Protein chains: 2
Amino acid sequence: MEEVRLNLAERSYSILIGEGLLASIGSILQERQIDGRILVITNPTVARWYREPLIHSLQSAGFSVQVAEVPDGESYKSLEQASFLYDTLIDGAYDRKSLLIALGGGVIGDLTGFVAATYMRGVRFIQIPTTLLAQVDSSIGGKVAVNHPKGKNLIGAFYQPSLVITDVTTLKTLPEAEFNSGMAEVIKHGFILDENYLRLIAGEYELIHNLDPEILSFVVSGSCRIKSEVVEQDEKESGLRAILNFGHTIGHAIEAVTNYTYYKHGEGVALGMLAASQIAARTGRLKEADLPKNLLKICQKFKLPTKLPGLAIQEILEAIKLDKKVESAKVRWVLPEKVGIMKITSEVPAEVITEVLVEMGGLR
Amino acid sequence: MEEVRLNLAERSYSILIGEGLLASIGSILQERQIDGRILVITNPTVARWYREPLIHSLQSAGFSVQVAEVPDGESYKSLEQASFLYDTLIDGAYDRKSLLIALGGGVIGDLTGFVAATYMRGVRFIQIPTTLLAQVDSSIGGKVAVNHPKGKNLIGAFYQPSLVITDVTTLKTLPEAEFNSGMAEVIKHGFILDENYLRLIAGEYELIHNLDPEILSFVVSGSCRIKSEVVEQDEKESGLRAILNFGHTIGHAIEAVTNYTYYKHGEGVALGMLAASQIAARTGRLKEADLPKNLLKICQKFKLPTKLPGLAIQEILEAIKLDKKVESAKVRWVLPEKVGIMKITSEVPAEVITEVLVEMGGLR
């Protein structure tokens with residue numbers, strides 16, 4: 001078992017990564033003296049595989065456990081579902097000392113975290129991420145939220161979990177395209193902060209692809225370490241944490257113009273990183289000529305999209321503006337200088353973006 | 001102008017108290033370099049008197065200001081109204097650097113604070129409390145929340161404002177019964193922590209009653225100092241802060257059994273403090289024999305209720321249990337030993353509570 005510690009004064013917590021941890025969660029909580037009545041929040045897709053082992057482990061350790069299921073899908077990361085969970089908690093007489101457990105991907109983690117942040121002014125919660133994306137990204141760092149019909153994550157808080165428990169064996173039930181989507185964030189972590197980690201991912205492609213538990217633990221804990229390092233320095237995204245948005249400016253826009261149905265999040269991020277590396281090249285910021293080519297190669301290895309066939313560039317540009325309209329006045333581009341060094345700038349000429357998107361197959 | 005500083009590391013803020021501050025809010029914000037597009041949240045009752053002067057002051061100082069009105073009343077401290085405010089913010093393209101201003105009593109302050117805590121993972125907000133209750137209590141300390149149909153304040157957060165600005169002249173438009181209700185919290189602050197403050201309030205009854213601005217500034221800033229001291233030591237109510245609940249156990253129950261329509265919050269608190277002091281006497285905890293009599297006298301001065309005619313004791317006892325059922329397993333009584341020294345205990349025999357309530361006029 002790997003343990004990554006995220007240090008944030010009294011909000012510090014551990015991220016445990018390993019093989020088969022789900023079956024020992026009850027004793028993990030006991031050892032760490034984490035108590036309280038438990039409400040597990042999950043969805044039917046995840047519950048099918050992991051509800052019983054989780055409950056069994058918790059009950060064997062003497063915990064009182066109830067489960068609430070939310071339908072599967074991004075559209076259920078809503079204030080309505082949060083409201084349903086408040087009702088469940090109140091009807092079950094859960095008090096301030098209760099413990100919520102998020103069992104699932106990013107939607108479940110973000111929703112559970114939001115409810116934990118706001119139920120009775122804050123109860124503890126634990127993340128048990130079951131998708132690669134959630135394991136390497138959304139379960140870490142305390143960004144919790146629900147969506148608003150006009151935009152993602154508009155209602156939320158910074159609220160850290162008490163513990164993150166990642167069982168890499170849960171990745172065996174994850175569809176391959178979802179796994180690859182998660183790899184986009186892994187690749188991102190390598191590019192923004194750690195060349196050695198990046199080299200290893202590229203080199204161990206076969207083992208990763210075959211879900212070798214040891215290499216998966218290594219990959220996930222490596223990403224957790226990188227993300228923790230960034231979050232420790234800038235918990236509330238006032239500066240440095242923005243580098244985690246590498247690939248997300250165009251990525252989000254591509255997700256939006258395809259109504260969040262065609263591309264998975266990581267696929268959008270892959271396209272966004274490729275675009276950002278080309279923008280860096282064309283604006284003279286790139287100091288490592290091979291970077292775009294290396295990024296392309298590794299994305300291809302993990303079957304991530306690298307072209308934009310059929311997407312109207314004008315719509316992408318408008319989606320970028322719209323996204324920022326509600327978030328902040330300026331678009332903040334995260335552009336690579338070299339592996340491990342990102343620059344944040346608002347100054348990218350529209351024609352450069354257009355040229356890059358044309359080259360990637362976008363329609364003028 | 002009085003300034004009370006609430007020290008909570010990077011969440012520290014000032015509470016400004018004075019006469020006619022509403023007209024200089026624009027320049028106060030400028031001096032303190034508080035900027036951002038402003039959404040003022042208020043209700044029609046308060047707006048009628050203070051909307052125009054506030055907007056005028058802000059606009060004269062160059063601020064961009066919009067106003068959102070929520071209907072007047074406790075039932076609008078709801079997730080539905082929070083949702084309406086999220087829509088207003090999003091439709092108005094308010095970003096993370098926006099500033100919310102709560103102009104009104106406790107309902108407006110708590111609701112605005114909750115929205116500020118959760119919109120885009122937290123934006124700044126300023127409290128401009130216009131009721132005595134809000135000025136001496138709810139605007140200070142960062143407890144923000146909305147109600148759930150099954151209980152008050154069940155959905156909320158600890159989220160501190162950036163500034164509290166109290167203009168004591170707004171108390172001139174406050175109905176007398178509301179003013180007296182606020183005095184119950186003032187009296188509470190004196191009893192739990194500061195004998196000199198208490199003596200002064202009792203002595204200067206005439207000036208307070210006549211809304212003399214100088215004495216009001218003194219009274220409000222005194223209460224703010226006492227409450228700040230408690231909050232600084234225990235921001236999230238893990239211990240000491242519970243003493244602020246003196247009078248609230250029975251007070252809340254009385255409010256609940258009368259459907260929150262008959263007694264004002266402070267009236268419930270007054271009855272609760274009187275009951276708690278009698279409970280302390282009957283359980284041998286009281287070390288200052290005159291305390292119940294002195295409490296009774298000062299409550300009478302401010303026309304606060306001291307009897308419970310027509311209320312069924314059984315219902316009050318059940319409401320106490322029900323209240324705690326969702327908040328924490330045990331009822332925590334705050335009982336006075338002497339002025340300035342409170343004891344917290346779960347051990348109060350039901351028959352003692354009944355005896356005290358019978359003596360106060362409750363029905364067996």
# chains A, B, ... in the order shown; residues from 1 in each chain; ligands from 1

$ interface_residues --of "chain B" --to "chain A" --cutoff "7 Å" --atoms "only C-alpha atoms" --output "PyMOL selection string"
chain B and resi 90+93-96+117-122+154-158+325-328

$ closest_residue --among "B:Leu207, B:Leu99, B:Leu133, B:Leu111" --to "Asn147 of chain B" --atoms "only C-alpha atoms"
B:Leu111

$ atom_distance --atom1 "atom CA of Ser27 of chain B" --atom2 "atom CA of Glu2 of chain B"
16.4 Å

$ select_by_dssp --residues "segment 134-305 of chain B" --states "strand (DSSP E or B)" --output "list of chain:residue names"
B:Lys143, B:Val144, B:Ala145, B:Val146, B:Asn147, B:His148, B:Gly151, B:Lys152, B:Asn153, B:Leu154, B:Ile155, B:Gly156, B:Ala157, B:Phe158, B:Leu163, B:Val164, B:Ile165, B:Thr166, B:Asp167

$ write_last_selection --atoms "all heavy atoms" --output "short mmCIF file (atom, residue, chain, number, x, y, z; two decimals), in the first residue's frame"
data_model
loop_
_atom_site.label_atom_id
_atom_site.label_comp_id
_atom_site.auth_asym_id
_atom_site.auth_seq_id
_atom_site.Cartn_x
_atom_site.Cartn_y
_atom_site.Cartn_z
N LYS B 143 -21.47 31.82 10.93
CA LYS B 143 -22.42 30.72 10.78
C LYS B 143 -23.43 31.12 9.72
O LYS B 143 -24.26 32.01 9.94
CB LYS B 143 -23.16 30.47 12.10
CG LYS B 143 -22.44 29.58 13.08
CD LYS B 143 -23.41 29.23 14.21
CE LYS B 143 -22.90 28.16 15.13
NZ LYS B 143 -23.94 27.81 16.13
N VAL B 144 -23.36 30.48 8.57
CA VAL B 144 -24.29 30.81 7.48
C VAL B 144 -25.09 29.55 7.17
O VAL B 144 -24.62 28.43 7.39
CB VAL B 144 -23.53 31.30 6.23
CG1 VAL B 144 -22.74 32.56 6.55
CG2 VAL B 144 -22.62 30.22 5.65
N ALA B 145 -26.32 29.71 6.69
CA ALA B 145 -27.16 28.53 6.48
C ALA B 145 -28.48 28.87 5.81
O ALA B 145 -28.88 30.03 5.74
CB ALA B 145 -27.46 27.85 7.81
N VAL B 146 -29.11 27.82 5.30
CA VAL B 146 -30.53 27.89 4.95
C VAL B 146 -31.24 26.80 5.76
O VAL B 146 -30.61 25.89 6.28
CB VAL B 146 -30.77 27.71 3.42
CG1 VAL B 146 -30.17 28.86 2.63
CG2 VAL B 146 -30.25 26.37 2.91
N ASN B 147 -32.55 26.95 5.85
CA ASN B 147 -33.35 25.96 6.58
C ASN B 147 -33.73 24.79 5.70
O ASN B 147 -33.73 24.90 4.47
CB ASN B 147 -34.63 26.62 7.11
CG ASN B 147 -34.33 27.75 8.07
OD1 ASN B 147 -33.33 27.72 8.79
ND2 ASN B 147 -35.18 28.77 8.08
N HIS B 148 -34.06 23.68 6.33
CA HIS B 148 -34.64 22.53 5.64
C HIS B 148 -36.05 22.39 6.21
O HIS B 148 -36.27 22.75 7.37
CB HIS B 148 -33.80 21.28 5.96
CG HIS B 148 -34.25 20.04 5.26
ND1 HIS B 148 -35.26 19.25 5.74
CD2 HIS B 148 -33.83 19.46 4.11
CE1 HIS B 148 -35.44 18.23 4.91
NE2 HIS B 148 -34.58 18.33 3.92
N GLY B 151 -35.98 21.22 9.67
CA GLY B 151 -35.20 21.83 10.75
C GLY B 151 -34.46 23.06 10.28
O GLY B 151 -34.08 23.17 9.11
N LYS B 152 -34.24 23.97 11.23
CA LYS B 152 -33.55 25.21 10.89
C LYS B 152 -32.05 24.99 10.71
O LYS B 152 -31.44 24.19 11.43
CB LYS B 152 -33.76 26.21 12.02
CG LYS B 152 -35.13 26.85 12.02
CD LYS B 152 -35.19 27.90 13.12
CE LYS B 152 -36.23 28.94 12.81
NZ LYS B 152 -35.97 30.18 13.56
N ASN B 153 -31.46 25.76 9.80
CA ASN B 153 -30.00 25.82 9.64
C ASN B 153 -29.34 24.48 9.38
O ASN B 153 -28.16 24.30 9.68
CB ASN B 153 -29.36 26.44 10.89
CG ASN B 153 -29.86 27.86 11.11
OD1 ASN B 153 -30.08 28.60 10.15
ND2 ASN B 153 -30.05 28.23 12.35
N LEU B 154 -30.08 23.52 8.82
CA LEU B 154 -29.48 22.19 8.63
C LEU B 154 -28.51 22.17 7.44
O LEU B 154 -27.68 21.29 7.33
CB LEU B 154 -30.57 21.13 8.45
CG LEU B 154 -31.37 20.83 9.72
CD1 LEU B 154 -32.42 19.76 9.47
CD2 LEU B 154 -30.45 20.37 10.86
N ILE B 155 -28.65 23.14 6.53
CA ILE B 155 -27.76 23.19 5.37
C ILE B 155 -26.97 24.49 5.47
O ILE B 155 -27.54 25.57 5.40
CB ILE B 155 -28.59 23.15 4.06
CG1 ILE B 155 -29.49 21.90 4.07
CG2 ILE B 155 -27.70 23.18 2.84
CD1 ILE B 155 -30.62 21.96 3.07
N GLY B 156 -25.68 24.37 5.66
CA GLY B 156 -24.92 25.59 5.87
C GLY B 156 -23.43 25.37 5.90
O GLY B 156 -22.93 24.32 5.52
N ALA B 157 -22.72 26.39 6.36
CA ALA B 157 -21.26 26.32 6.40
C ALA B 157 -20.75 27.29 7.46
O ALA B 157 -21.52 28.10 7.99
CB ALA B 157 -20.69 26.69 5.03
N PHE B 158 -19.46 27.17 7.79
CA PHE B 158 -18.79 28.22 8.53
C PHE B 158 -18.05 29.04 7.49
O PHE B 158 -17.14 28.53 6.82
CB PHE B 158 -17.80 27.64 9.55
CG PHE B 158 -18.47 26.99 10.72
CD1 PHE B 158 -18.71 25.62 10.73
CD2 PHE B 158 -18.89 27.75 11.80
CE1 PHE B 158 -19.33 25.02 11.82
CE2 PHE B 158 -19.51 27.15 12.90
CZ PHE B 158 -19.74 25.79 12.90
N LEU B 163 -16.26 41.82 6.04
CA LEU B 163 -16.47 43.05 6.80
C LEU B 163 -17.91 43.05 7.30
O LEU B 163 -18.80 42.51 6.63
CB LEU B 163 -16.25 44.25 5.86
CG LEU B 163 -16.28 45.67 6.42
CD1 LEU B 163 -15.12 45.90 7.41
CD2 LEU B 163 -16.17 46.69 5.28
N VAL B 164 -18.12 43.61 8.49
CA VAL B 164 -19.48 43.82 8.99
C VAL B 164 -19.63 45.31 9.26
O VAL B 164 -18.75 45.91 9.90
CB VAL B 164 -19.74 43.03 10.30
CG1 VAL B 164 -21.17 43.25 10.79
CG2 VAL B 164 -19.47 41.54 10.11
N ILE B 165 -20.66 45.92 8.71
CA ILE B 165 -20.87 47.35 8.91
C ILE B 165 -22.23 47.55 9.56
O ILE B 165 -23.26 47.23 8.97
CB ILE B 165 -20.82 48.12 7.57
CG1 ILE B 165 -19.48 47.88 6.86
CG2 ILE B 165 -21.05 49.61 7.80
CD1 ILE B 165 -19.40 48.47 5.46
N THR B 166 -22.20 48.03 10.79
CA THR B 166 -23.45 48.22 11.53
C THR B 166 -23.74 49.70 11.71
O THR B 166 -22.97 50.42 12.35
CB THR B 166 -23.34 47.53 12.91
OG1 THR B 166 -23.44 46.12 12.72
CG2 THR B 166 -24.48 47.97 13.82
N ASP B 167 -24.84 50.13 11.12
CA ASP B 167 -25.29 51.51 11.29
C ASP B 167 -26.42 51.47 12.31
O ASP B 167 -27.53 51.02 12.01
CB ASP B 167 -25.78 52.05 9.94
CG ASP B 167 -26.18 53.51 10.04
OD1 ASP B 167 -26.39 54.00 11.16
OD2 ASP B 167 -26.30 54.15 8.98
#

$ residues_around --residues "Trp333 of chain B" --least-positions-apart "6" --cutoff "10 Å" --atoms "only C-alpha atoms" --output "list in words"
Ala242, Ile243, Asn245, Phe246, Gly247, His248, Thr249, Ile250, Ala276, Ile279, Ala280, Met342, Lys343, Ile344, Thr345, Ser346, Glu347 and Val348 of chain B

$ residues_around --residues "segment 175-182 of chain B" --least-positions-apart "5" --cutoff "12 Å" --atoms "only C-alpha atoms" --output "ChimeraX atom specification"
/B:45,105-106,129-138,168,170,187-189,205,208-211,216,219-220,223,262-271,298-305

$ write_last_selection --atoms "N, CA and C atoms" --output "compact mmCIF listing (two decimals), in the first residue's frame"
# COMPACT_ATOMS: atom_id res chain seq x y z
N THR B 45 -39.06 44.87 2.84
CA THR B 45 -39.27 45.67 4.05
C THR B 45 -38.05 46.56 4.33
N GLY B 105 -31.83 41.64 8.15
CA GLY B 105 -31.69 40.93 9.42
C GLY B 105 -31.02 39.59 9.26
N GLY B 106 -31.27 38.71 10.20
CA GLY B 106 -30.60 37.41 10.23
C GLY B 106 -30.91 36.52 9.04
N PRO B 129 -26.05 44.47 8.88
CA PRO B 129 -27.22 44.04 9.64
C PRO B 129 -28.09 45.24 10.03
N THR B 130 -29.40 45.09 9.87
CA THR B 130 -30.31 46.21 10.16
C THR B 130 -31.26 45.91 11.32
N THR B 131 -31.13 44.74 11.94
CA THR B 131 -31.90 44.47 13.16
C THR B 131 -30.90 44.34 14.30
N LEU B 132 -31.37 44.58 15.51
CA LEU B 132 -30.46 44.48 16.66
C LEU B 132 -29.95 43.04 16.80
N LEU B 133 -30.86 42.08 16.58
CA LEU B 133 -30.48 40.67 16.69
C LEU B 133 -29.32 40.34 15.75
N ALA B 134 -29.41 40.81 14.52
CA ALA B 134 -28.35 40.55 13.55
C ALA B 134 -27.08 41.32 13.91
N GLN B 135 -27.24 42.53 14.42
CA GLN B 135 -26.07 43.37 14.74
C GLN B 135 -25.25 42.79 15.88
N VAL B 136 -25.91 42.22 16.87
CA VAL B 136 -25.17 41.73 18.04
C VAL B 136 -24.90 40.23 17.97
N ASP B 137 -25.51 39.56 16.99
CA ASP B 137 -25.38 38.11 17.01
C ASP B 137 -25.13 37.49 15.64
N SER B 138 -26.18 37.40 14.81
CA SER B 138 -26.06 36.53 13.63
C SER B 138 -25.09 37.03 12.57
N VAL B 168 -26.14 51.95 13.52
CA VAL B 168 -27.15 51.83 14.58
C VAL B 168 -28.39 52.68 14.31
N THR B 170 -30.18 52.48 11.81
CA THR B 170 -31.21 51.63 11.18
C THR B 170 -32.17 51.07 12.22
N ILE B 187 -28.43 40.79 26.51
CA ILE B 187 -28.47 40.36 27.92
C ILE B 187 -27.71 39.04 28.07
N LYS B 188 -27.93 38.13 27.13
CA LYS B 188 -27.23 36.85 27.16
C LYS B 188 -25.71 37.06 27.16
N HIS B 189 -25.22 37.91 26.28
CA HIS B 189 -23.77 38.16 26.22
C HIS B 189 -23.25 38.65 27.56
N TYR B 205 -30.91 51.69 30.83
CA TYR B 205 -32.12 51.27 30.15
C TYR B 205 -32.81 52.39 29.37
N ILE B 208 -31.00 53.41 26.16
CA ILE B 208 -31.11 52.34 25.17
C ILE B 208 -32.51 52.35 24.57
N HIS B 209 -33.48 52.41 25.43
CA HIS B 209 -34.87 52.40 24.99
C HIS B 209 -35.17 53.58 24.04
N ASN B 210 -34.55 54.71 24.31
CA ASN B 210 -34.76 55.88 23.45
C ASN B 210 -33.86 55.89 22.22
N LEU B 211 -33.13 54.81 21.99
CA LEU B 211 -32.27 54.63 20.83
C LEU B 211 -31.21 55.73 20.70
N LEU B 216 -26.23 53.09 21.90
CA LEU B 216 -26.45 51.92 21.03
C LEU B 216 -25.13 51.42 20.45
N VAL B 219 -23.47 49.56 23.17
CA VAL B 219 -24.09 48.26 23.44
C VAL B 219 -23.73 47.26 22.34
N VAL B 220 -23.89 47.68 21.08
CA VAL B 220 -23.63 46.76 19.97
C VAL B 220 -22.15 46.37 19.94
N SER B 223 -21.34 43.85 22.65
CA SER B 223 -21.78 42.49 22.31
C SER B 223 -20.88 41.88 21.25
N TYR B 262 -45.43 32.68 17.10
CA TYR B 262 -45.89 33.45 18.25
C TYR B 262 -44.75 34.21 18.92
N TYR B 263 -43.67 33.50 19.23
CA TYR B 263 -42.54 34.15 19.90
C TYR B 263 -41.45 34.54 18.91
N LYS B 264 -40.88 35.70 19.12
CA LYS B 264 -39.67 36.06 18.37
C LYS B 264 -38.49 35.30 18.96
N HIS B 265 -37.41 35.15 18.16
CA HIS B 265 -36.26 34.38 18.62
C HIS B 265 -35.77 34.84 20.00
N GLY B 266 -35.61 36.13 20.16
CA GLY B 266 -35.09 36.66 21.42
C GLY B 266 -36.04 36.41 22.58
N GLU B 267 -37.33 36.40 22.28
CA GLU B 267 -38.31 36.12 23.33
C GLU B 267 -38.16 34.68 23.81
N GLY B 268 -37.97 33.78 22.86
CA GLY B 268 -37.72 32.38 23.22
C GLY B 268 -36.45 32.26 24.06
N VAL B 269 -35.40 33.00 23.64
CA VAL B 269 -34.13 32.95 24.36
C VAL B 269 -34.29 33.48 25.79
N ALA B 270 -35.06 34.55 25.94
CA ALA B 270 -35.29 35.11 27.28
C ALA B 270 -35.94 34.05 28.16
N LEU B 271 -37.01 33.43 27.66
CA LEU B 271 -37.68 32.37 28.42
C LEU B 271 -36.71 31.23 28.71
N ILE B 298 -34.11 42.29 34.42
CA ILE B 298 -33.65 42.94 33.18
C ILE B 298 -34.52 42.51 32.00
N CYS B 299 -34.99 41.27 32.02
CA CYS B 299 -35.91 40.84 30.95
C CYS B 299 -37.21 41.64 31.02
N GLN B 300 -37.68 41.86 32.22
CA GLN B 300 -38.92 42.65 32.38
C GLN B 300 -38.73 44.07 31.87
N LYS B 301 -37.58 44.65 32.17
CA LYS B 301 -37.28 46.01 31.70
C LYS B 301 -37.44 46.12 30.20
N PHE B 302 -36.97 45.10 29.50
CA PHE B 302 -37.03 45.15 28.03
C PHE B 302 -38.26 44.42 27.48
N LYS B 303 -39.28 44.32 28.35
CA LYS B 303 -40.59 43.77 27.97
C LYS B 303 -40.49 42.40 27.32
N LEU B 304 -39.51 41.64 27.77
CA LEU B 304 -39.38 40.27 27.26
C LEU B 304 -40.29 39.36 28.08
N PRO B 305 -40.88 38.33 27.47
CA PRO B 305 -41.79 37.47 28.21
C PRO B 305 -41.05 36.72 29.32

$ residues_around --residues "Leu16 of chain B" --least-positions-apart "3" --cutoff "12 Å" --atoms "only C-alpha atoms" --output "JSON, numbers by chain"
{"B": [1, 2, 3, 4, 5, 6, 13, 19, 20, 21, 22, 24, 25, 28, 29, 32, 126, 127, 128, 129, 135, 136, 139, 140, 162, 163, 164, 165, 166, 167, 168, 217, 218, 220, 221, 222, 224, 225]}

$ residues_around --residues "Gln66 of chain A" --least-positions-apart "2" --cutoff "10 Å" --atoms "only C-alpha atoms" --output "ChimeraX atom specification"
/A:37-41,55,63-64,68,88-89,92,100

$ write_last_selection --atoms "N, CA and C atoms" --output "PDB file, in the first residue's frame"
ATOM      1  N   ARG A  37     -21.537   7.151  12.361  1.00  0.00           N
ATOM      2  CA  ARG A  37     -22.489   6.442  11.506  1.00  0.00           C
ATOM      3  C   ARG A  37     -22.206   6.816  10.063  1.00  0.00           C
ATOM      4  N   ILE A  38     -22.300   5.812   9.182  1.00  0.00           N
ATOM      5  CA  ILE A  38     -21.859   6.029   7.797  1.00  0.00           C
ATOM      6  C   ILE A  38     -23.013   6.036   6.806  1.00  0.00           C
ATOM      7  N   LEU A  39     -23.017   7.044   5.918  1.00  0.00           N
ATOM      8  CA  LEU A  39     -23.881   6.995   4.741  1.00  0.00           C
ATOM      9  C   LEU A  39     -22.971   6.900   3.520  1.00  0.00           C
ATOM     10  N   VAL A  40     -23.112   5.790   2.791  1.00  0.00           N
ATOM     11  CA  VAL A  40     -22.349   5.609   1.553  1.00  0.00           C
ATOM     12  C   VAL A  40     -23.180   6.184   0.409  1.00  0.00           C
ATOM     13  N   ILE A  41     -22.568   7.007  -0.428  1.00  0.00           N
ATOM     14  CA  ILE A  41     -23.269   7.571  -1.583  1.00  0.00           C
ATOM     15  C   ILE A  41     -22.612   7.017  -2.841  1.00  0.00           C
ATOM     16  N   ILE A  55     -19.832  -2.636   2.048  1.00  0.00           N
ATOM     17  CA  ILE A  55     -20.704  -2.754   3.219  1.00  0.00           C
ATOM     18  C   ILE A  55     -20.237  -3.886   4.119  1.00  0.00           C
ATOM     19  N   PHE A  63     -19.309  -1.057  11.972  1.00  0.00           N
ATOM     20  CA  PHE A  63     -19.905   0.228  11.597  1.00  0.00           C
ATOM     21  C   PHE A  63     -21.392   0.092  11.270  1.00  0.00           C
ATOM     22  N   SER A  64     -22.149   1.123  11.585  1.00  0.00           N
ATOM     23  CA  SER A  64     -23.537   1.221  11.150  1.00  0.00           C
ATOM     24  C   SER A  64     -23.523   1.911   9.778  1.00  0.00           C
ATOM     25  N   ALA A  68     -27.069   5.324  -0.070  1.00  0.00           N
ATOM     26  CA  ALA A  68     -27.978   6.122  -0.903  1.00  0.00           C
ATOM     27  C   ALA A  68     -27.458   6.082  -2.330  1.00  0.00           C
ATOM     28  N   THR A  88     -32.288  12.417   2.905  1.00  0.00           N
ATOM     29  CA  THR A  88     -31.888  11.095   3.388  1.00  0.00           C
ATOM     30  C   THR A  88     -31.159  11.205   4.725  1.00  0.00           C
ATOM     31  N   LEU A  89     -30.248  12.169   4.816  1.00  0.00           N
ATOM     32  CA  LEU A  89     -29.480  12.351   6.053  1.00  0.00           C
ATOM     33  C   LEU A  89     -30.387  12.751   7.208  1.00  0.00           C
ATOM     34  N   GLY A  92     -32.677   9.989   8.280  1.00  0.00           N
ATOM     35  CA  GLY A  92     -31.920   8.959   8.997  1.00  0.00           C
ATOM     36  C   GLY A  92     -31.318   9.473  10.298  1.00  0.00           C
ATOM     37  N   LEU A 100     -19.668  10.593   5.665  1.00  0.00           N
ATOM     38  CA  LEU A 100     -20.142  10.243   4.327  1.00  0.00           C
ATOM     39  C   LEU A 100     -19.015   9.547   3.581  1.00  0.00           C
TER      40      LEU A 100
END

$ atom_distance --atom1 "atom CA of Glu229 of chain A" --atom2 "atom CA of Ile201 of chain A"
19.2 Å

$ residues_around --residues "Gln278 of chain A" --least-positions-apart "5" --cutoff "9 Å" --atoms "only C-alpha atoms" --output "JSON, numbers by chain"
{"A": [273, 283, 286, 292, 353, 356]}
